[in-house]
Amino acid sequence: MCIKISRTVFDTPKDVVFTGCYVPPENSPYYDNLTMKDGVQALEECLMEVLGNEEHYMVLCGDLNARTGSSQPVMNDDSCDMVPFSFDAHDVMVDRRTKDIGVNNFGFSLLNLCIAVDGVILNGFCDDDRAGEFTYVSPHGSSLIDYFIVSEELLSRRLCLSVGDRIDSWHRPVFLAVSFKPSMVR
């Protein structure tokens, strides 16, 4: 699902495209009859089509079934690296933490998606979630698989990400608050 919000609402130079999605897990029967077996790569193709050649900011959220550990993609001197976040252009925290140290194939694909769309993973990056809380907690284990990812240009806005308590699901709710007035991430 995609929703485009006019630049006048957020007082930004570009429109903001909000995308909510679900990516079935690796090795799911969902992929049995598909040629593409990586749901995150399919999501990237979809996002590139939606965002197209027009200038948009992006907010991506959902259960992506991707585990990225504490990696954060960064653009350095026209080369892409997956390293702990270090971004001198904004006065933001310089690293990303998570309680989930696991990384899976979809996680690597998600990091590549972030590079393709200049996205920043907010989980474990914003003050309200500095620990990188688990977003999925079940009797079989815990992980961080529910994400908020934004265009790096949106870091000039006040972004507050928090993970709530589980109500009736193994997934915990993840909330993002965005200020309408520019400020720095805290």
# chains A, B, ... in the order shown; residues from 1 in each chain; ligands from 1

call {"tool": "residues_around", "arguments": {"residues": "stretch 4-7 of chain A", "least_positions_apart": "2", "cutoff": "9 Å", "atoms": "only C-alpha atoms", "output": "list of chain:residue names"}}
result
A:Cys2, A:Val9, A:Phe10, A:Asp11, A:Thr12, A:Pro13, A:Lys14, A:Asp15, A:Val16, A:Val17, A:Phe18, A:Thr19, A:His56

call {"tool": "residues_around", "arguments": {"residues": "stretch 126-138 of chain A", "least_positions_apart": "2", "cutoff": "10 Å", "atoms": "only C-alpha atoms", "output": "PyMOL selection string"}}
result
chain A and resi 63+65+69-70+92-93+95-100+121-124+140-147+158-166+169-174+176+185-186

call {"tool": "write_last_selection", "arguments": {"atoms": "N, CA and C atoms", "output": "short mmCIF file (atom, residue, chain, number, x, y, z; two decimals), in the first residue's frame"}}
result
data_model
loop_
_atom_site.label_atom_id
_atom_site.label_comp_id
_atom_site.auth_asym_id
_atom_site.auth_seq_id
_atom_site.Cartn_x
_atom_site.Cartn_y
_atom_site.Cartn_z
N ASP A 63 6.32 -5.43 8.12
CA ASP A 63 6.95 -6.69 8.50
C ASP A 63 7.71 -7.17 7.27
N ASN A 65 10.41 -9.27 7.37
CA ASN A 65 11.06 -10.57 7.61
C ASN A 65 12.53 -10.55 7.23
N GLY A 69 20.85 -7.12 11.74
CA GLY A 69 21.79 -6.87 12.82
C GLY A 69 21.84 -5.37 13.08
N SER A 70 23.01 -4.84 13.36
CA SER A 70 23.13 -3.40 13.62
C SER A 70 23.66 -2.64 12.40
N VAL A 92 23.01 13.86 14.15
CA VAL A 92 22.23 12.70 14.59
C VAL A 92 23.14 11.73 15.33
N MET A 93 22.53 10.77 15.99
CA MET A 93 23.30 9.71 16.62
C MET A 93 24.11 9.01 15.53
N ASP A 95 25.36 5.84 15.42
CA ASP A 95 25.35 4.40 15.26
C ASP A 95 23.94 3.86 15.39
N ARG A 96 23.81 2.60 15.02
CA ARG A 96 22.53 1.91 15.13
C ARG A 96 22.76 0.67 15.97
N ARG A 97 21.90 0.48 16.94
CA ARG A 97 22.02 -0.67 17.83
C ARG A 97 20.78 -1.54 17.69
N THR A 98 20.93 -2.80 18.06
CA THR A 98 19.78 -3.70 18.06
C THR A 98 20.04 -4.85 19.01
N LYS A 99 18.97 -5.33 19.60
CA LYS A 99 19.07 -6.52 20.44
C LYS A 99 19.16 -7.77 19.57
N ASP A 100 18.79 -7.64 18.30
CA ASP A 100 18.82 -8.76 17.36
C ASP A 100 20.13 -8.69 16.57
N ILE A 121 17.58 3.14 8.15
CA ILE A 121 16.79 2.32 9.06
C ILE A 121 16.69 3.06 10.39
N LEU A 122 15.45 3.30 10.85
CA LEU A 122 15.25 4.04 12.10
C LEU A 122 15.27 3.15 13.33
N ASN A 123 14.94 1.87 13.19
CA ASN A 123 14.96 0.97 14.34
C ASN A 123 16.37 0.94 14.94
N GLY A 124 16.47 1.19 16.25
CA GLY A 124 17.77 1.19 16.91
C GLY A 124 18.61 2.42 16.60
N HIS A 140 9.37 -19.27 20.13
CA HIS A 140 10.47 -19.85 19.35
C HIS A 140 11.67 -18.92 19.23
N GLY A 141 11.52 -17.66 19.69
CA GLY A 141 12.63 -16.72 19.61
C GLY A 141 12.15 -15.31 19.35
N SER A 142 13.09 -14.39 19.35
CA SER A 142 12.79 -12.97 19.17
C SER A 142 13.68 -12.41 18.07
N SER A 143 13.16 -11.40 17.38
CA SER A 143 13.93 -10.77 16.31
C SER A 143 13.40 -9.37 16.04
N LEU A 144 14.16 -8.63 15.26
CA LEU A 144 13.73 -7.32 14.78
C LEU A 144 13.47 -7.48 13.29
N ILE A 145 12.19 -7.57 12.91
CA ILE A 145 11.83 -7.77 11.50
C ILE A 145 10.80 -6.77 11.00
N ASP A 146 10.30 -5.92 11.90
CA ASP A 146 9.32 -4.89 11.55
C ASP A 146 10.05 -3.55 11.56
N TYR A 147 10.04 -2.85 10.45
CA TYR A 147 10.93 -1.70 10.26
C TYR A 147 10.20 -0.41 9.92
N ARG A 158 12.24 15.98 13.10
CA ARG A 158 12.27 15.27 14.38
C ARG A 158 11.54 13.95 14.18
N LEU A 159 12.26 12.85 14.32
CA LEU A 159 11.71 11.51 14.14
C LEU A 159 11.79 10.76 15.46
N CYS A 160 10.67 10.24 15.91
CA CYS A 160 10.65 9.45 17.14
C CYS A 160 10.07 8.08 16.83
N LEU A 161 10.89 7.05 16.93
CA LEU A 161 10.43 5.69 16.72
C LEU A 161 10.37 4.99 18.06
N SER A 162 9.29 4.27 18.31
CA SER A 162 9.19 3.50 19.55
C SER A 162 8.52 2.17 19.27
N VAL A 163 8.84 1.19 20.09
CA VAL A 163 8.25 -0.14 19.99
C VAL A 163 7.36 -0.34 21.20
N GLY A 164 6.10 -0.63 20.95
CA GLY A 164 5.13 -0.79 22.03
C GLY A 164 5.10 -2.20 22.58
N ASP A 165 4.22 -2.41 23.53
CA ASP A 165 4.04 -3.73 24.11
C ASP A 165 3.10 -4.56 23.25
N ARG A 166 3.36 -5.83 23.20
CA ARG A 166 2.53 -6.75 22.42
C ARG A 166 1.14 -6.83 23.03
N SER A 169 -0.59 -10.30 19.48
CA SER A 169 0.19 -10.84 18.38
C SER A 169 1.62 -11.06 18.85
N TRP A 170 2.36 -11.88 18.12
CA TRP A 170 3.78 -12.04 18.43
C TRP A 170 4.57 -10.82 17.95
N HIS A 171 3.94 -10.03 17.08
CA HIS A 171 4.57 -8.79 16.63
C HIS A 171 4.21 -7.66 17.59
N ARG A 172 5.21 -6.87 17.93
CA ARG A 172 4.97 -5.69 18.77
C ARG A 172 4.71 -4.50 17.87
N PRO A 173 3.82 -3.59 18.27
CA PRO A 173 3.56 -2.42 17.43
C PRO A 173 4.77 -1.49 17.39
N VAL A 174 5.03 -0.94 16.23
CA VAL A 174 6.13 0.00 16.04
C VAL A 174 5.51 1.33 15.61
N LEU A 176 5.95 5.56 14.66
CA LEU A 176 6.83 6.62 14.20
C LEU A 176 6.09 7.94 14.28
N VAL A 185 17.21 15.02 14.60
CA VAL A 185 16.86 13.78 15.29
C VAL A 185 17.54 13.78 16.63
N ARG A 186 16.83 13.36 17.65
CA ARG A 186 17.39 13.33 18.99
C ARG A 186 17.43 11.92 19.51
#

call {"tool": "atom_distance", "arguments": {"atom1": "atom CA of A:Ser109", "atom2": "atom CA of A:Glu55"}}
result
23.2 Å

call {"tool": "select_by_dssp", "arguments": {"residues": "stretch 11-132 of chain A", "states": "alpha helix (DSSP H)", "output": "list in words"}}
result
Gly39, Val40, Gln41, Ala42, Leu43, Glu44, Glu45, Cys46, Leu47, Met48, Glu49, Val50, Leu51, Asn105, Phe106, Gly107, Phe108, Ser109, Leu110, Leu111, Asn112, Leu113, Cys114, Ile115, Ala116 and Val117 of chain A

call {"tool": "write_last_selection", "arguments": {"atoms": "C-alpha atoms", "output": "short mmCIF file (atom, residue, chain, number, x, y, z; two decimals), in the first residue's frame"}}
result
data_model
loop_
_atom_site.label_atom_id
_atom_site.label_comp_id
_atom_site.auth_asym_id
_atom_site.auth_seq_id
_atom_site.Cartn_x
_atom_site.Cartn_y
_atom_site.Cartn_z
CA GLY A 39 10.61 -10.79 -1.38
CA VAL A 40 12.77 -7.81 -0.40
CA GLN A 41 14.24 -7.64 -3.92
CA ALA A 42 10.68 -7.73 -5.27
CA LEU A 43 9.81 -4.88 -2.87
CA GLU A 44 12.80 -2.89 -4.15
CA GLU A 45 11.61 -3.30 -7.74
CA CYS A 46 8.12 -2.20 -6.72
CA LEU A 47 9.47 0.83 -4.84
CA MET A 48 11.60 1.87 -7.80
CA GLU A 49 8.49 1.70 -9.99
CA VAL A 50 6.37 3.67 -7.49
CA LEU A 51 9.02 6.28 -6.79
CA ASN A 105 19.57 -13.12 3.26
CA PHE A 106 16.56 -10.81 3.27
CA GLY A 107 18.52 -8.57 5.65
CA PHE A 108 21.32 -8.20 3.10
CA SER A 109 18.69 -7.48 0.45
CA LEU A 110 17.10 -4.84 2.71
CA LEU A 111 20.45 -3.11 3.17
CA ASN A 112 20.87 -3.07 -0.61
CA LEU A 113 17.34 -1.66 -0.95
CA CYS A 114 18.27 1.12 1.48
CA ILE A 115 21.29 1.96 -0.66
CA ALA A 116 19.15 2.03 -3.82
CA VAL A 117 16.60 4.45 -2.33
#

call {"tool": "atom_distance", "arguments": {"atom1": "atom CA of A:Ala66", "atom2": "atom CA of A:Asn104"}}
result
6.5 Å

call {"tool": "residues_around", "arguments": {"residues": "A:Cys21", "least_positions_apart": "5", "cutoff": "7 Å", "atoms": "only C-alpha atoms", "output": "PyMOL selection string"}}
result
chain A and resi 1+61-63

call {"tool": "residues_around", "arguments": {"residues": "A:Gly119", "least_positions_apart": "6", "cutoff": "7 Å", "atoms": "only C-alpha atoms", "output": "ChimeraX atom specification"}}
result
/A:149-152

call {"tool": "write_last_selection", "arguments": {"atoms": "all heavy atoms", "output": "CSV table (one decimal), in the first residue's frame"}}
result
chain,number,residue,atom,x,y,z
A,149,ILE,N,11.8,2.8,7.7
A,149,ILE,CA,13.0,3.2,6.9
A,149,ILE,C,12.6,4.5,6.2
A,149,ILE,O,11.5,4.6,5.6
A,149,ILE,CB,13.4,2.2,5.8
A,149,ILE,CG1,13.8,0.9,6.6
A,149,ILE,CG2,14.5,2.7,4.9
A,149,ILE,CD1,13.9,-0.3,5.6
A,150,VAL,N,13.4,5.5,6.3
A,150,VAL,CA,13.0,6.8,5.7
A,150,VAL,C,14.2,7.3,4.8
A,150,VAL,O,15.3,6.9,4.9
A,150,VAL,CB,12.8,7.9,6.8
A,150,VAL,CG1,11.6,7.5,7.7
A,150,VAL,CG2,14.0,8.2,7.6
A,151,SER,N,13.8,8.2,3.8
A,151,SER,CA,14.8,8.9,3.0
A,151,SER,C,15.7,9.6,3.9
A,151,SER,O,15.3,10.3,4.9
A,151,SER,CB,14.1,9.8,2.0
A,151,SER,OG,13.3,9.1,1.2
A,152,GLU,N,17.0,9.6,3.6
A,152,GLU,CA,18.0,10.3,4.5
A,152,GLU,C,17.7,11.8,4.7
A,152,GLU,O,18.0,12.4,5.7
A,152,GLU,CB,19.4,10.0,4.1
A,152,GLU,CG,19.8,10.7,2.8
A,152,GLU,CD,21.3,10.4,2.5
A,152,GLU,OE1,21.7,9.2,2.7
A,152,GLU,OE2,22.0,11.3,2.0

call {"tool": "atom_distance", "arguments": {"atom1": "atom CA of A:Leu60", "atom2": "atom CA of A:Phe148"}}
result
5.7 Å

call {"tool": "closest_residue", "arguments": {"among": "A:Val178, A:Val103, A:Ile3, A:Leu64", "to": "A:Leu154", "atoms": "only C-alpha atoms"}}
result
A:Val178

call {"tool": "select_by_dssp", "arguments": {"residues": "stretch 34-180 of chain A", "states": "strand (DSSP E or B)", "output": "ChimeraX atom specification"}}
result
/A:56-63,68,72-76,79-83,103,119-121,136-138,141-143,146-151,157-163,171,174-180

call {"tool": "write_last_selection", "arguments": {"atoms": "C-alpha atoms", "output": "CSV table (one decimal), in the first residue's frame"}}
result
chain,number,residue,atom,x,y,z
A,56,HIS,CA,9.9,11.9,-3.6
A,57,TYR,CA,10.9,11.3,0.0
A,58,MET,CA,10.1,7.8,1.2
A,59,VAL,CA,8.8,6.3,4.5
A,60,LEU,CA,8.7,2.5,4.3
A,61,CYS,CA,7.2,0.4,7.1
A,62,GLY,CA,6.1,-3.1,7.6
A,63,ASP,CA,6.9,-6.7,8.5
A,68,THR,CA,20.0,-6.7,9.5
A,72,GLN,CA,23.2,0.7,8.5
A,73,PRO,CA,23.9,1.4,4.8
A,74,VAL,CA,25.9,4.6,4.1
A,75,MET,CA,27.0,6.4,1.1
A,76,ASN,CA,30.7,7.4,1.3
A,79,SER,CA,30.9,3.9,-2.8
A,80,CYS,CA,28.3,2.0,-0.8
A,81,ASP,CA,29.2,0.3,2.4
A,82,MET,CA,27.2,-1.5,5.0
A,83,VAL,CA,28.8,-0.2,8.2
A,103,VAL,CA,21.4,-11.3,9.8
A,119,GLY,CA,17.1,5.0,3.0
A,120,VAL,CA,18.0,5.0,6.7
A,121,ILE,CA,16.8,2.3,9.1
A,136,TYR,CA,8.7,-10.0,17.1
A,137,VAL,CA,8.6,-12.1,20.3
A,138,SER,CA,7.4,-15.7,20.2
A,141,GLY,CA,12.6,-16.7,19.6
A,142,SER,CA,12.8,-13.0,19.2
A,143,SER,CA,13.9,-10.8,16.3
A,146,ASP,CA,9.3,-4.9,11.5
A,147,TYR,CA,10.9,-1.7,10.3
A,148,PHE,CA,10.6,2.0,9.6
A,149,ILE,CA,13.0,3.2,6.9
A,150,VAL,CA,13.0,6.8,5.7
A,151,SER,CA,14.8,8.9,3.0
A,157,ARG,CA,12.9,16.4,10.8
A,158,ARG,CA,12.3,15.3,14.4
A,159,LEU,CA,11.7,11.5,14.1
A,160,CYS,CA,10.7,9.4,17.1
A,161,LEU,CA,10.4,5.7,16.7
A,162,SER,CA,9.2,3.5,19.5
A,163,VAL,CA,8.3,-0.1,20.0
A,171,HIS,CA,4.6,-8.8,16.6
A,174,VAL,CA,6.1,0.0,16.0
A,175,PHE,CA,5.3,3.7,16.1
A,176,LEU,CA,6.8,6.6,14.2
A,177,ALA,CA,6.2,10.3,15.0
A,178,VAL,CA,7.4,12.9,12.5
A,179,SER,CA,7.5,16.6,13.3
A,180,PHE,CA,6.1,19.0,10.8
